[in-house]
Amino acid sequence: MTSEFGEDSLDDEGENVNDAYEEIVEATPDEIIAIEEDLENNIEDMASNSELYNTDCFNLLLIGVDSRSNNYSGRSDVMILVSINKETKRVVMTSILRDTFVSIPGNGTNRLNAAYAYGGEDLLVETIKANFGIDVDRCAIVNFYVVMDLVNAVGGVDIELSSDEIKVMNKYYIEGWNYIFDEPKGTDIIDESLAGTTVHLNGKQALAYARVRYVGTDFARTARQREVIMLCLEKIKGMSLSELDTLAEELLPKIRTNLTESDCASLLLMALNISSYSFDNMTIPIEGSWSNVNIRGMSVLAIDFQKNTEAWFNLVQGE
């Protein structure tokens, strides 16, 4: 839905994220050539070593679509790879930053989130495999509405908020969100005096928290996204089989996924025993493996793919 605030009213931060990271360097023509040559060499290396990063994990890619309507169009604003090892009872959640500069098969070079815009989840999965050597088994695509429904279905989440986070969240509601969701202007405003305390958030508030970007860069933003997911999983730990079944019946029809019935049954059984699983998380790119550069007017992350894939592999394998 487009409001008087414009199509981007749920995310007024813009597509060019020039101040989302540390100092940005304007890449020279020679540097751009070198970066793109590195991408080509990496693609060749990953193709010739296609089995190198095989794991015992079931890799489920969660794709959060930047859609203001109740559909699945838009940019892949969030990409979280959930790696589940049922033998070791270990789950690793890996956020892959959307501004990572990659080679997109058949579409040149661009940010990673452009792959979904060009060719949906199939091209995004192909791009991840080509650049990182990681096999994605299944995808689940969600939009804003599914995130809100999930948080509301588990009874909300409790999160400690900073003053800056509260200000940004309230700015979302005041400048457009409440208009889009057809709610009174003051709905879900959080009292700034609650800064530094744990606040109970409903679905819309948790979504706003997960989308706060300019408080701690995009790395902090992805950490907030994983935090919301983890808190929802904590709530799921206490659910019975019938409650889990009800939750699945409510949410699955709203998710676009290639999960099979067998996959869903397996994940449901895992949810029943989720308290026995250990959880870890990481962000790609890892510290010390990237630089922020401007290429063709885009602020992007030029990264060391081998270093990042090795870090991911070692973490999910428990090494």
# chains A, B, ... in the order shown; residues from 1 in each chain; ligands from 1

$ closest_atom_pairs --of "region 22-136 of chain A" --to "region 263-267 of chain A" --cutoff "10 Å" --atoms "only C-alpha atoms" --output "tab-separated table"
residue	atom	partner	partner_atom	distance
A:Phe58	CA	A:Asp263	CA	9.9
A:Ile84	CA	A:Leu267	CA	9.7
A:Lys86	CA	A:Ser266	CA	9.9

$ select_by_dssp --residues "region 241-287 of chain A" --states "helix (DSSP H, G or I)" --output "list in words"
Leu241, Ser242, Glu243, Leu244, Asp245, Thr246, Leu247, Ala248, Glu249, Glu250, Leu251, Leu252, Pro253, Lys254, Glu261, Ser262, Asp263, Cys264, Ala265, Ser266, Leu267, Leu268, Leu269, Met270, Ala271, Leu272, Ile274, Ser275 and Ser276 of chain A

$ closest_residue --among "A:Ile63, A:Lys89, A:Phe101, A:Lys129" --to "Asp304 (chain A)" --atoms "only C-alpha atoms"
A:Phe101

$ closest_atom_pairs --of "region 181-295 of chain A" --to "region 117-127 of chain A" --cutoff "12 Å" --atoms "only C-alpha atoms" --output "CSV"
residue,atom,partner,partner_atom,distance
A:Arg256,CA,A:Glu121,CA,10.1
A:Thr257,CA,A:Glu121,CA,9.5
A:Asn258,CA,A:Glu121,CA,10.0
